[in-house]
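Below is one structure, written out as structure tokens; the observations come after it.
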Amino acid sequence: MSKKNPSMKDISRIRIIQFFMIIGYALIVIASVTIVTRLAVRKTDEVLKNKVLSLTSSLGVQMKLNMDSYISRMENSATLAFGEKSSYTYDASDPNNDEYEAINTEKVITDKLFSLCIMENFVDYGIVYRNNRTVGKISNATGSLFGDHIFTELEKMITRPRTADGWFTGYNGDFKRIYYVKRVHENAVIVISFYSNELEQVFDNPETMADMTVRLVDHEHNILYSDDHDEIGKPVPKSIMKRIAGQTSASFMDDDYLISINKSGDWYVICSIPTKIILAEKNDMTRYIYMTGLGAAAAALLVGFYLSYLLTNPVKRMVKALGMKAQNDLLTGLLNKLTFEEYSANALNSSLDSENRALVIIDLDNFKGINDNYGHAMGDKVLSDTGEMIRSVFSDDDYLGRIGGDEFCVLVNQRKSDIKAFREHVAKQCDTVADNFKKLSENNGCKVSASIGAAFFPADGKNFEELYAACDKALYNSKEHGKDRYSFYDETHDKGGEGQ
């Protein structure tokens with residue numbers, strides 16, 4: 001008998017098995033792609049939010065420090081007025097004043113105040129007496145605003161008894177100017193004012209956070225400054241207020257806003273940005289992952305890895321840009337104090353005792369005199385030039401930081417095995433720094449020098465705290481022996497070298 005062909009029933013059964021095998025495989029692939037994609041998106045969300053929150057917090061702190069520095073500069077400007085004795089001894093309200101002598105005295109005071117006023121873009125810089133007489137620069141707008149009660153109203157702005165001064169704005173609803181008032185004596189106060197929009201130079205957003213709104217707010221939650229000038233003088237929006245109520249220093253992120261708040265004197269610096277804006281690129285990419293992943297089930301693993309790369313790459317670029325602004329000192333471009341200490345501590349903790357490293361502190365001599373005699377603009381230029389000079393002297397492998405107003409620090413990372421050669425290398429770099437300060441002095445037309453202290457790992461310290469303490473003692477030794485020199489740390493401080 002001839003063999004029979006398989007029955008149609010058997011063929012159908014095989015086709016059914018093939019169909020279910022294909023469907024089962026397809027479901028496994030789709031499920032795998034979906035699970036892997038969702039896990040990747042969730043992890044990226046978590047990392048992104050934590051990193052952005054951390055860097056936004058750092059940016060908020062930097063804005064707060066900028067505001068503190070600006071306030072300090074304004075207060076110092078007022079203190080400079082006391083350099084003329086007649087500024088704080090003369091009383092225009094004294095009925096026994098000789099008219100001729102009073103005119104001459106007020107001219108001397110006015111000349112002094114005007115010479116200081118040109119250093120900054122002040123609206124007002126003058127002294128107001130109890131009888132409402134004024135000397136210096138008192139604008140017509142200020143005179144009209146306070147009228148015949150100018151002394152009485154300005155005196156009310158002195159809210160800090162210990163320092164006999166205070167800050168104020170919003171008088172009669174006028175938030176265009178910010179006032180600083182300091183008592184001269186019981187019958188006189190000195191007043192400085194500037195337009196609130198001058199704070200734009202203080203609150204300068206990085207491009208990656210261009211959509212962030214920065215506000216300066218008083219204790220009554222009135223907006224003194226905002227990127228949106230229409231907000232000035234108005235209360236903080238309720239959507240922001242309910243999230244910062246009771247907070248003085250915090251950063252947080254919810255579904256609607258990313259916010260940081262930091263206290264600066266009597267005021268608060270509040271940075272906010274809608275969450276949907278900062279995460280917009282991430283949300284677009286998430287949707288793209290799901291759509292493409294389902295459509296490319298046959299190549300799920302390769303497509304998933306590729307799209308994960310597309311998702312994380314833009315995030316890395318944004319995080320890197322924010323990190324540079326938050327890690328670096330805005331004036332010099334060097335590492336800021338927190339970042340320098342973190343990097344240096346990590347490097348030292350991971351170093352072997354056989355490796356040689358050195359910590360160098362560079363402290364400008366008599367820097368306050370440059371600010372006092374040449375103005376803060378010159379002081380900022382000297383600091384910026386010093387940062388450029390330090391970059392030119394030390395290697396790209398070294399950590400360079402600005403750790404104080406006029407103090408710089410370097411962790412020398414060239415690990416020469418011969419300690420003698422390494423010490424000679426550091427000594428040569430210190431000599432070069434001292435020589436370059438002479439060139440810097442010539443370029444800026446003012447005397448600039450620095451005292452330098454250096455300490456070596458592991459002999460002088462095995463971690464950052466120990467090494468910094470030793471380096472600080474070496475710096476103190478340089479200061480004690482006439483400045484404009486460098487010293488290496490040891491127990492007797494009998495080693496070191498003078499800047500040539």
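Chains: A, B, ... in order of the structure tokens. Residues: from 1 per chain. Ligands: from 1, in order shown.
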* Any idea what's packed within 8 Å of region 466-482 of chain A, counting only C-alpha atoms, ignoring anything in its chain fewer than 2 positions away? Could you give it as a list in words? ->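 Everything that qualifies: Leu359, Val360, Ile361, Ile362, Asp363, Ser451, Ile452, Gly453, Ala454, Ala455, Phe456, Phe457, Asp460, Gly461, Lys462, Asn463, Phe464, Asp484, Arg485, Tyr486, Ser487, Phe488, Tyr489, Asp490 and His493 of chain A.
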Region 154-180 of chain A residues near region 260-269 of chain A within 12 Å, closest pair each, using only C-alpha atoms, as CSV:
residue,atom,partner,partner_atom,distance
A:Thr159,CA,A:Asp266,CA,10.0
A:Arg160,CA,A:Asp266,CA,10.2
A:Gly166,CA,A:Asp266,CA,9.2
A:Trp167,CA,A:Asp266,CA,8.1
A:Phe168,CA,A:Asp266,CA,9.6
A:Thr169,CA,A:Trp267,CA,11.2
* **Given only C-alpha atoms as the counted atoms, nearest of A:Ile35, A:Val41, A:Ala245, A:Ala250 to His219 (chain A)** =>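 Smallest separation from His219 (chain A) among the options: A:Ala245.
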* Among region 35-214 of chain A, which residues carry a DSSP assignment of alpha helix (DSSP H), reported as a PyMOL selection string? -> chain A and resi 35-80+85-89+99-117+140-146+150-156
* Asked: Can you list, as an MDAnalysis selection string, every protein, DNA or RNA residue that comes within 12 Å of Gly83 (chain A) when you count only C-alpha atoms, leaving out same-chain residues fewer than 2 positions away?
  -> chainID A and resid 76:81 85:89 108:109 112:113 115:116 372
* **Near-region 434-445 of chain A list (8 Å; only C-alpha atoms; drop same-chain fewer than 3 positions) as a PyMOL selection string** => chain A and resi 378+382+385-386+389+430-431+448-450+484-485+499-500
* CA of Met241 (chain A) to CA of Cys271 (chain A): how many Å, to one decimal? ->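 According to the coordinates, CA of Met241 (chain A) and CA of Cys271 (chain A) are separated by 12.1 Å.
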* Contacts of Asn373 (chain A) within 12 Å, only C-alpha atoms, excl. fewer than 2 positions in-chain, as a PyMOL selection string -> chain A and resi 80+115-116+119+366-371+375-379+445-447
Write the selection just made, keeping C-alpha atoms, as a tab-separated table (two decimals), in the first residue's frame?
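Output file again01.tsv follows:
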chain	number	residue	atom	x	y	z
A	80	LEU	CA	34.04	104.54	53.77
A	115	SER	CA	34.07	110.98	45.41
A	116	LEU	CA	32.73	107.76	46.91
A	119	MET	CA	32.47	104.18	42.63
A	366	ASN	CA	46.84	93.46	51.97
A	367	PHE	CA	44.04	92.80	49.46
A	368	LYS	CA	41.62	95.01	51.39
A	369	GLY	CA	43.88	97.95	50.58
A	370	ILE	CA	43.36	97.36	46.85
A	371	ASN	CA	39.56	97.47	47.29
A	375	GLY	CA	37.73	100.21	44.14
A	376	HIS	CA	36.06	96.82	44.00
A	377	ALA	CA	36.23	96.67	40.22
A	378	MET	CA	40.03	96.67	40.44
A	379	GLY	CA	39.85	94.13	43.26
A	445	GLY	CA	49.13	99.62	38.31
A	446	CYS	CA	48.90	98.55	41.95
A	447	LYS	CA	51.10	96.55	44.31
* **Nearest-residue call for Asp255 (chain A), choices A:Val426, A:Ile270, A:Ala358, A:Leu279, using only C-alpha atoms** =>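 Looking at the shortest contact to Asp255 (chain A), the residue is A:Leu279.
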* To do: Show which residues sit within 12 Å of Tyr70 (chain A), as a list in words. Count only C-alpha atoms, and ignore same-chain residues fewer than 4 positions away.
  =>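 Answer for this query is Met63, Lys64, Leu65, Asn66, Met74, Glu75, Asn76, Ser77, Glu120, Phe194, Glu198, Leu199, Glu200, Gln201, Val202, Phe203, Ser264, Gly265 and His376 of chain A.
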Restricted to C-alpha atoms, what would the selected residues look like written as a JSON list (two decimals), in the first residue's frame?
[["chain", "number", "residue", "atom", "x", "y", "z"],
["A", 63, "MET", "CA", 22.93, 83.21, 44.32],
["A", 64, "LYS", "CA", 22.63, 83.70, 48.09],
["A", 65, "LEU", "CA", 26.40, 84.15, 48.43],
["A", 66, "ASN", "CA", 26.36, 86.66, 45.54],
["A", 74, "MET", "CA", 27.13, 98.36, 49.89],
["A", 75, "GLU", "CA", 27.62, 98.43, 53.67],
["A", 76, "ASN", "CA", 31.37, 98.86, 53.22],
["A", 77, "SER", "CA", 30.70, 101.76, 50.85],
["A", 120, "GLU", "CA", 28.99, 102.66, 42.34],
["A", 194, "PHE", "CA", 20.12, 102.00, 44.27],
["A", 198, "GLU", "CA", 20.81, 96.75, 39.56],
["A", 199, "LEU", "CA", 20.53, 93.28, 41.13],
["A", 200, "GLU", "CA", 20.48, 91.75, 37.64],
["A", 201, "GLN", "CA", 24.26, 91.58, 37.87],
["A", 202, "VAL", "CA", 23.94, 89.62, 41.14],
["A", 203, "PHE", "CA", 21.34, 87.10, 39.94],
["A", 264, "SER", "CA", 20.33, 86.41, 52.93],
["A", 265, "GLY", "CA", 20.36, 88.90, 55.80],
["A", 376, "HIS", "CA", 36.06, 96.82, 44.00]]
* Which one of A:Ala31, A:Leu331, A:Ala459, A:Leu224 sits closest to Ser354 (chain A) if you count only C-alpha atoms? ->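 Closest residue, counting only C-alpha atoms: A:Ala459.
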Env of Asp254 (chain A): 12 Å cut, atoms = only C-alpha atoms, seq-sep filter 2 positions within chain, self excluded. Answer as a compact mmCIF listing (two decimals) with C-alpha atoms, in the first residue's frame.
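Listing of result-v2.txt after writing:
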# COMPACT_ATOMS: atom_id res chain seq x y z
CA LYS A 49 15.77 64.50 39.59
CA ASN A 50 18.31 63.92 42.36
CA LEU A 53 17.86 69.03 42.67
CA SER A 239 1.72 78.54 44.19
CA ILE A 240 5.29 79.28 45.36
CA ARG A 243 5.64 75.43 49.15
CA SER A 251 15.54 72.75 48.07
CA PHE A 252 12.77 70.47 46.89
CA ASP A 256 4.82 71.29 39.61
CA TYR A 257 7.96 73.14 40.73
CA LEU A 258 11.66 72.85 41.45
CA ILE A 259 12.38 75.41 44.20
CA SER A 260 15.31 76.50 46.37
CA SER A 272 11.96 78.42 41.03
CA ILE A 273 11.29 76.72 37.72
CA PRO A 274 8.29 74.63 36.59
CA THR A 275 9.12 70.93 36.69
CA LYS A 276 7.57 70.40 33.26
CA ILE A 278 13.23 71.33 33.29
CA LEU A 279 12.04 67.80 32.49
* Just list the residues in region 30-149 of chain A DSSP gives strand (DSSP E or B) on the backbone, as a PyMOL selection string. => chain A and resi 124-129+134-137
Take the residues from that selection and write them out as an mmCIF file, in the first residue's frame, keeping C-alpha atoms.
data_model
loop_
_atom_site.group_PDB
_atom_site.id
_atom_site.type_symbol
_atom_site.label_atom_id
_atom_site.label_comp_id
_atom_site.auth_asym_id
_atom_site.auth_seq_id
_atom_site.Cartn_x
_atom_site.Cartn_y
_atom_site.Cartn_z
ATOM 1 C CA ASP A 124 21.415 108.385 46.720
ATOM 2 C CA TYR A 125 24.599 108.705 48.741
ATOM 3 C CA GLY A 126 24.282 111.414 51.381
ATOM 4 C CA ILE A 127 23.745 112.363 55.004
ATOM 5 C CA VAL A 128 20.365 113.526 56.348
ATOM 6 C CA TYR A 129 20.157 115.530 59.586
ATOM 7 C CA THR A 134 21.049 117.049 53.602
ATOM 8 C CA VAL A 135 24.576 116.908 52.242
ATOM 9 C CA GLY A 136 25.908 114.725 49.453
ATOM 10 C CA LYS A 137 23.712 113.217 46.773
#
